[in-house]
Amino acid sequence: MYEETFQVIVRRRQEQGKDIIVVDLARPDGGELPPFEAGAHVDLYLNNGLVRQYSLASRPSDRHVYRLGILRDPASRGGSIAAHACLIEGAIVRIGTPRNNFPLVSNAKRSVLVGGGIGITPLIAMAWSLHDTAANFELHYCSRSRSACAFLDELAASPFAARVHLHFDDEPSNQQLNLATVLAGADVDTHIYTCGPKGFMDWVIGEARRLGIPDRNIHKEYFQADTNTDGAAFDVIAKKSGKKVRVAEGQSIVDALATVGIKVNVSCKQGVCGSCLCTVLEGEPDHRDVFLTDEERAANDQILLCCSRAKTPYLVLDI
Ligand code: FES
């Protein structure tokens with residue numbers, strides 16, 4: 001068993017690309033880190049009290065380093081800015097044991113990895129994992145420009161460099177990503193994985209669907225959900241606690257439950273991490289997260305309480 005959270009030391013920090021730091025985290029005593037699967041992320045506990053999720057970009061078979069790539073986003077709510085401030089070489093920070101909401105399908109005949117900007121991070125770990133299992137894959141890295149990218153040297157030096165394809169918006173059009181060409185000949189055993197900014201991912205997913213890739217073969221990881229809490233007020237009945245509370249317009253279910261003394265475990269507060277997942281016993285959720293799969297959403301028996309709302313006048317929750 002591994003601890004839920006543990007301390008690591010920042011062994012190396014590099015500025016790569018525009019506003020990106022690439023950091024290597026290790027056990028302070030040099031020991032082995034908990035294992036992780038490609039696609040996994042860790043919770044990073046920041047000095048300002050925030051907790052943020054970052055994908056692991058290192059080789060899963062290397063138990064001595066977790067590599068993160070973190071873009072400093074001036075529009076963020078303080079997470080990436082605090083991460084840039086606290087992840088200095090030699091600093092001790094607390095992280096959570098890796099969790100994976102974006103796993104590889106183990107027996108795919110072909111895997112197409114498509115990353116946009118800093119969304120390349122989980123896909124690099126996937127590329128390592130697929131390389132280590134001698135699987136058939138290709139990695140497409142899209143970015144505004146070469147100068148905005150991190151990990152380019154590492155990818156060029158990797159044993160799978162020939163499988164890496166770079167696509168830059170500001171370079172000639174013949175090197176830009178054409179998914180119709182990439183996915184030509186895709187069959188039921190071709191799986192596509194994408195991570196990046198929402199607009200980019202929506203384009204990749206839309207193109208993949210248009211080209212006939214079934215939804216079950218399209219795998220995605222968003223950084224952030226559409227966490228606006230607009231929408232009419234509704235009631236939440238907390239069955240286990242025997243309490244009822246009104247969720248006002250613009251208020252999250254988590255905040256409404258707090259007013260009647262019901263504390264919900266939260267981490268990202270953005271519908272990404274799954275910490276606040278709860279079973280729905282009655283009523284229809286208005287899903288606003290990016291954690292649940294399309295099938296899970298359609299089942300309407302689970303909800304992410306930090307961001308989602310209700311389509312019905314009330315929800316009965318198993319809390
Ligand atoms: S707190 Fe992360 S999904 Fe709700």
# chains A, B, ... in the order shown; residues from 1 in each chain; ligands from 1
>>> residues_near_ligand(ligand="ligand 1", cutoff="10 Å", atoms="only C-alpha atoms and all ligand atoms", output="PDB file with N, CA and C atoms, in the first residue's frame")
ATOM      1  N   VAL A  51      -5.077  22.876  -4.572  1.00  0.00           N
ATOM      2  CA  VAL A  51      -4.620  21.564  -5.039  1.00  0.00           C
ATOM      3  C   VAL A  51      -4.876  21.527  -6.539  1.00  0.00           C
ATOM      4  N   ARG A  52      -3.874  21.187  -7.289  1.00  0.00           N
ATOM      5  CA  ARG A  52      -4.036  21.137  -8.746  1.00  0.00           C
ATOM      6  C   ARG A  52      -3.562  19.791  -9.280  1.00  0.00           C
ATOM      7  N   GLN A  53      -4.172  19.384 -10.387  1.00  0.00           N
ATOM      8  CA  GLN A  53      -3.828  18.097 -10.996  1.00  0.00           C
ATOM      9  C   GLN A  53      -2.906  18.320 -12.187  1.00  0.00           C
ATOM     10  N   GLN A 224      -9.867  21.313 -17.955  1.00  0.00           N
ATOM     11  CA  GLN A 224     -10.801  22.125 -17.211  1.00  0.00           C
ATOM     12  C   GLN A 224     -12.193  21.955 -17.778  1.00  0.00           C
ATOM     13  N   ALA A 225     -13.189  21.891 -16.914  1.00  0.00           N
ATOM     14  CA  ALA A 225     -14.562  21.792 -17.389  1.00  0.00           C
ATOM     15  C   ALA A 225     -15.130  23.194 -17.599  1.00  0.00           C
ATOM     16  N   THR A 227     -17.082  25.319 -16.012  1.00  0.00           N
ATOM     17  CA  THR A 227     -17.587  25.294 -14.640  1.00  0.00           C
ATOM     18  C   THR A 227     -18.509  26.473 -14.310  1.00  0.00           C
ATOM     19  N   VAL A 254     -21.768  21.783  -3.847  1.00  0.00           N
ATOM     20  CA  VAL A 254     -20.820  21.682  -2.722  1.00  0.00           C
ATOM     21  C   VAL A 254     -21.038  22.829  -1.741  1.00  0.00           C
ATOM     22  N   VAL A 264     -18.174  18.012   1.541  1.00  0.00           N
ATOM     23  CA  VAL A 264     -17.868  17.144   0.396  1.00  0.00           C
ATOM     24  C   VAL A 264     -16.365  17.224   0.133  1.00  0.00           C
ATOM     25  N   ASN A 265     -15.743  16.084  -0.150  1.00  0.00           N
ATOM     26  CA  ASN A 265     -14.324  16.098  -0.526  1.00  0.00           C
ATOM     27  C   ASN A 265     -14.167  16.750  -1.888  1.00  0.00           C
ATOM     28  N   VAL A 266     -13.363  17.776  -1.956  1.00  0.00           N
ATOM     29  CA  VAL A 266     -13.106  18.422  -3.245  1.00  0.00           C
ATOM     30  C   VAL A 266     -11.608  18.592  -3.433  1.00  0.00           C
ATOM     31  N   SER A 267     -11.228  18.682  -4.677  1.00  0.00           N
ATOM     32  CA  SER A 267      -9.824  18.934  -4.980  1.00  0.00           C
ATOM     33  C   SER A 267      -9.741  20.019  -6.047  1.00  0.00           C
ATOM     34  N   CYS A 268     -10.041  19.659  -7.308  1.00  0.00           N
ATOM     35  CA  CYS A 268      -9.856  20.631  -8.400  1.00  0.00           C
ATOM     36  C   CYS A 268     -10.936  21.702  -8.427  1.00  0.00           C
ATOM     37  N   LYS A 269     -12.145  21.379  -7.982  1.00  0.00           N
ATOM     38  CA  LYS A 269     -13.333  22.249  -8.082  1.00  0.00           C
ATOM     39  C   LYS A 269     -13.618  22.664  -9.513  1.00  0.00           C
ATOM     40  N   GLN A 270     -13.201  21.874 -10.461  1.00  0.00           N
ATOM     41  CA  GLN A 270     -13.375  22.219 -11.871  1.00  0.00           C
ATOM     42  C   GLN A 270     -13.982  21.069 -12.672  1.00  0.00           C
ATOM     43  N   GLY A 271     -14.502  20.065 -11.991  1.00  0.00           N
ATOM     44  CA  GLY A 271     -15.101  18.961 -12.722  1.00  0.00           C
ATOM     45  C   GLY A 271     -14.112  18.063 -13.426  1.00  0.00           C
ATOM     46  N   VAL A 272     -12.868  18.062 -12.960  1.00  0.00           N
ATOM     47  CA  VAL A 272     -11.814  17.323 -13.661  1.00  0.00           C
ATOM     48  C   VAL A 272     -11.380  16.074 -12.894  1.00  0.00           C
ATOM     49  N   CYS A 273     -11.261  16.195 -11.567  1.00  0.00           N
ATOM     50  CA  CYS A 273     -10.533  15.154 -10.831  1.00  0.00           C
ATOM     51  C   CYS A 273     -11.403  14.007 -10.329  1.00  0.00           C
ATOM     52  N   GLY A 274     -12.670  14.215 -10.142  1.00  0.00           N
ATOM     53  CA  GLY A 274     -13.554  13.148  -9.681  1.00  0.00           C
ATOM     54  C   GLY A 274     -13.675  13.039  -8.172  1.00  0.00           C
ATOM     55  N   SER A 275     -12.997  13.915  -7.413  1.00  0.00           N
ATOM     56  CA  SER A 275     -13.037  13.798  -5.944  1.00  0.00           C
ATOM     57  C   SER A 275     -14.448  13.924  -5.385  1.00  0.00           C
ATOM     58  N   CYS A 276     -15.288  14.730  -6.018  1.00  0.00           N
ATOM     59  CA  CYS A 276     -16.608  15.038  -5.450  1.00  0.00           C
ATOM     60  C   CYS A 276     -17.718  14.194  -6.069  1.00  0.00           C
ATOM     61  N   LEU A 277     -17.355  13.079  -6.668  1.00  0.00           N
ATOM     62  CA  LEU A 277     -18.334  12.203  -7.315  1.00  0.00           C
ATOM     63  C   LEU A 277     -19.346  11.663  -6.291  1.00  0.00           C
ATOM     64  N   CYS A 278     -20.603  11.686  -6.668  1.00  0.00           N
ATOM     65  CA  CYS A 278     -21.652  11.238  -5.739  1.00  0.00           C
ATOM     66  C   CYS A 278     -22.721  10.478  -6.528  1.00  0.00           C
ATOM     67  N   ARG A 288     -21.840  19.081 -15.958  1.00  0.00           N
ATOM     68  CA  ARG A 288     -20.963  20.153 -16.464  1.00  0.00           C
ATOM     69  C   ARG A 288     -19.490  19.789 -16.288  1.00  0.00           C
ATOM     70  N   ASP A 289     -19.229  18.544 -15.920  1.00  0.00           N
ATOM     71  CA  ASP A 289     -17.856  18.105 -15.660  1.00  0.00           C
ATOM     72  C   ASP A 289     -17.234  17.546 -16.935  1.00  0.00           C
ATOM     73  N   VAL A 290     -15.952  17.223 -16.856  1.00  0.00           N
ATOM     74  CA  VAL A 290     -15.290  16.506 -17.949  1.00  0.00           C
ATOM     75  C   VAL A 290     -14.716  15.189 -17.436  1.00  0.00           C
ATOM     76  N   PHE A 291     -15.196  14.750 -16.293  1.00  0.00           N
ATOM     77  CA  PHE A 291     -14.669  13.527 -15.670  1.00  0.00           C
ATOM     78  C   PHE A 291     -15.426  12.290 -16.149  1.00  0.00           C
ATOM     79  N   LEU A 292     -16.745  12.375 -16.182  1.00  0.00           N
ATOM     80  CA  LEU A 292     -17.556  11.210 -16.554  1.00  0.00           C
ATOM     81  C   LEU A 292     -17.446  10.934 -18.045  1.00  0.00           C
ATOM     82  N   ILE A 303     -22.958  12.148 -10.213  1.00  0.00           N
ATOM     83  CA  ILE A 303     -22.834  13.582 -10.460  1.00  0.00           C
ATOM     84  C   ILE A 303     -21.553  14.098  -9.803  1.00  0.00           C
ATOM     85  N   LEU A 304     -20.941  15.098 -10.419  1.00  0.00           N
ATOM     86  CA  LEU A 304     -19.809  15.800  -9.813  1.00  0.00           C
ATOM     87  C   LEU A 304     -20.377  17.043  -9.140  1.00  0.00           C
ATOM     88  N   LEU A 305     -20.247  17.074  -7.822  1.00  0.00           N
ATOM     89  CA  LEU A 305     -20.972  18.079  -7.048  1.00  0.00           C
ATOM     90  C   LEU A 305     -20.347  19.472  -7.109  1.00  0.00           C
ATOM     91  N   CYS A 306     -19.105  19.579  -7.581  1.00  0.00           N
ATOM     92  CA  CYS A 306     -18.460  20.893  -7.585  1.00  0.00           C
ATOM     93  C   CYS A 306     -18.941  21.771  -8.722  1.00  0.00           C
ATOM     94  N   CYS A 307     -19.505  21.171  -9.776  1.00  0.00           N
ATOM     95  CA  CYS A 307     -19.807  21.983 -10.960  1.00  0.00           C
ATOM     96  C   CYS A 307     -21.150  21.678 -11.610  1.00  0.00           C
ATOM     97  N   SER A 308     -21.674  20.488 -11.422  1.00  0.00           N
ATOM     98  CA  SER A 308     -22.888  20.109 -12.154  1.00  0.00           C
ATOM     99  C   SER A 308     -24.138  20.589 -11.431  1.00  0.00           C
TER     100      SER A 308
END
>>> residues_around(residues="A:Ile95", least_positions_apart="4", cutoff="10 Å", atoms="only C-alpha atoms", output="list in words")
Glu4, Thr5, Phe6, Gln7, Val8, Leu25, Val42, Asp43, Leu44, Tyr45, Leu46, Val51, Arg52 and Gln53 of chain A
>>> residues_around(residues="stretch 317-319 of chain A", least_positions_apart="4", cutoff="7 Å", atoms="only C-alpha atoms", output="ChimeraX atom specification")
/A:237-241,278-281
>>> select_by_dssp(residues="stretch 8-248 of chain A", states="helix (DSSP H, G or I)", output="VMD selection string")
chain A and resid 79 to 86 117 to 132 146 to 148 152 to 157 161 to 163 173 to 175 179 to 182 198 to 210 215 to 217
>>> write_last_selection(atoms="C-alpha atoms", output="PDB file, in the first residue's frame")
ATOM      1  CA  GLY A  79      -2.776  27.235  -9.541  1.00  0.00           C
ATOM      2  CA  SER A  80      -0.176  27.390 -12.277  1.00  0.00           C
ATOM      3  CA  ILE A  81       1.270  30.659 -10.980  1.00  0.00           C
ATOM      4  CA  ALA A  82       1.725  29.164  -7.501  1.00  0.00           C
ATOM      5  CA  ALA A  83       3.180  25.988  -9.038  1.00  0.00           C
ATOM      6  CA  HIS A  84       5.792  28.019 -10.918  1.00  0.00           C
ATOM      7  CA  ALA A  85       6.638  29.854  -7.697  1.00  0.00           C
ATOM      8  CA  CYS A  86       6.982  26.834  -5.433  1.00  0.00           C
ATOM      9  CA  GLY A 117       0.157  22.553 -26.415  1.00  0.00           C
ATOM     10  CA  ILE A 118       0.824  21.499 -22.834  1.00  0.00           C
ATOM     11  CA  GLY A 119      -1.749  18.711 -23.338  1.00  0.00           C
ATOM     12  CA  ILE A 120       1.146  16.696 -24.714  1.00  0.00           C
ATOM     13  CA  THR A 121       2.181  15.658 -21.167  1.00  0.00           C
ATOM     14  CA  PRO A 122       0.058  12.512 -20.593  1.00  0.00           C
ATOM     15  CA  LEU A 123       0.612  11.503 -24.205  1.00  0.00           C
ATOM     16  CA  ILE A 124       4.390  11.413 -23.709  1.00  0.00           C
ATOM     17  CA  ALA A 125       3.920   8.890 -20.892  1.00  0.00           C
ATOM     18  CA  MET A 126       1.605   6.945 -23.202  1.00  0.00           C
ATOM     19  CA  ALA A 127       4.233   6.989 -25.958  1.00  0.00           C
ATOM     20  CA  TRP A 128       6.793   5.566 -23.536  1.00  0.00           C
ATOM     21  CA  SER A 129       4.402   2.892 -22.384  1.00  0.00           C
ATOM     22  CA  LEU A 130       3.454   1.904 -25.944  1.00  0.00           C
ATOM     23  CA  HIS A 131       7.124   1.893 -26.931  1.00  0.00           C
ATOM     24  CA  ASP A 132       7.971  -0.340 -23.955  1.00  0.00           C
ATOM     25  CA  ARG A 146       8.098  25.658 -32.122  1.00  0.00           C
ATOM     26  CA  SER A 147       9.213  28.258 -29.570  1.00  0.00           C
ATOM     27  CA  ALA A 148       6.091  27.645 -27.475  1.00  0.00           C
ATOM     28  CA  LEU A 152      11.050  18.793 -28.029  1.00  0.00           C
ATOM     29  CA  ASP A 153      14.628  17.741 -27.213  1.00  0.00           C
ATOM     30  CA  GLU A 154      13.420  14.816 -25.115  1.00  0.00           C
ATOM     31  CA  LEU A 155      11.146  13.578 -27.886  1.00  0.00           C
ATOM     32  CA  ALA A 156      13.881  13.983 -30.512  1.00  0.00           C
ATOM     33  CA  ALA A 157      16.270  11.924 -28.365  1.00  0.00           C
ATOM     34  CA  ALA A 161      11.457   9.744 -32.273  1.00  0.00           C
ATOM     35  CA  ALA A 162      10.481   8.385 -35.691  1.00  0.00           C
ATOM     36  CA  ARG A 163       6.899   8.026 -34.445  1.00  0.00           C
ATOM     37  CA  SER A 173       0.654  24.160 -44.197  1.00  0.00           C
ATOM     38  CA  ASN A 174       2.068  20.858 -45.479  1.00  0.00           C
ATOM     39  CA  GLN A 175       3.263  19.967 -41.945  1.00  0.00           C
ATOM     40  CA  LEU A 179      -6.581  13.903 -39.346  1.00  0.00           C
ATOM     41  CA  ALA A 180      -8.249  12.574 -42.481  1.00  0.00           C
ATOM     42  CA  THR A 181      -4.827  11.419 -43.658  1.00  0.00           C
ATOM     43  CA  VAL A 182      -3.726  10.174 -40.238  1.00  0.00           C
ATOM     44  CA  LYS A 198     -10.856  22.618 -25.171  1.00  0.00           C
ATOM     45  CA  GLY A 199     -11.231  24.130 -28.661  1.00  0.00           C
ATOM     46  CA  PHE A 200      -8.423  21.943 -29.972  1.00  0.00           C
ATOM     47  CA  MET A 201      -9.874  18.810 -28.415  1.00  0.00           C
ATOM     48  CA  ASP A 202     -13.357  19.576 -29.692  1.00  0.00           C
ATOM     49  CA  TRP A 203     -11.845  19.808 -33.184  1.00  0.00           C
ATOM     50  CA  VAL A 204      -9.952  16.505 -32.823  1.00  0.00           C
ATOM     51  CA  ILE A 205     -13.001  14.700 -31.422  1.00  0.00           C
ATOM     52  CA  GLY A 206     -15.314  16.176 -34.085  1.00  0.00           C
ATOM     53  CA  GLU A 207     -12.944  15.184 -36.878  1.00  0.00           C
ATOM     54  CA  ALA A 208     -12.483  11.670 -35.482  1.00  0.00           C
ATOM     55  CA  ARG A 209     -16.266  11.202 -35.298  1.00  0.00           C
ATOM     56  CA  ARG A 210     -16.718  12.608 -38.800  1.00  0.00           C
ATOM     57  CA  ASP A 215     -16.940   7.176 -29.512  1.00  0.00           C
ATOM     58  CA  ARG A 216     -15.690   4.188 -27.526  1.00  0.00           C
ATOM     59  CA  ASN A 217     -12.359   4.487 -29.394  1.00  0.00           C
TER      60      ASN A 217
END
>>> residues_around(residues="A:Glu284", least_positions_apart="5", cutoff="12 Å", atoms="only C-alpha atoms", output="list in words")
Phe234, Asp235, Val236, Thr279, Arg297, Ala298, Ala299, Asn300, Asp301, Gln302, Ile303, Ser308, Arg309, Ala310, Lys311, Thr312, Pro313, Tyr314, Leu315, Val316 and Leu317 of chain A
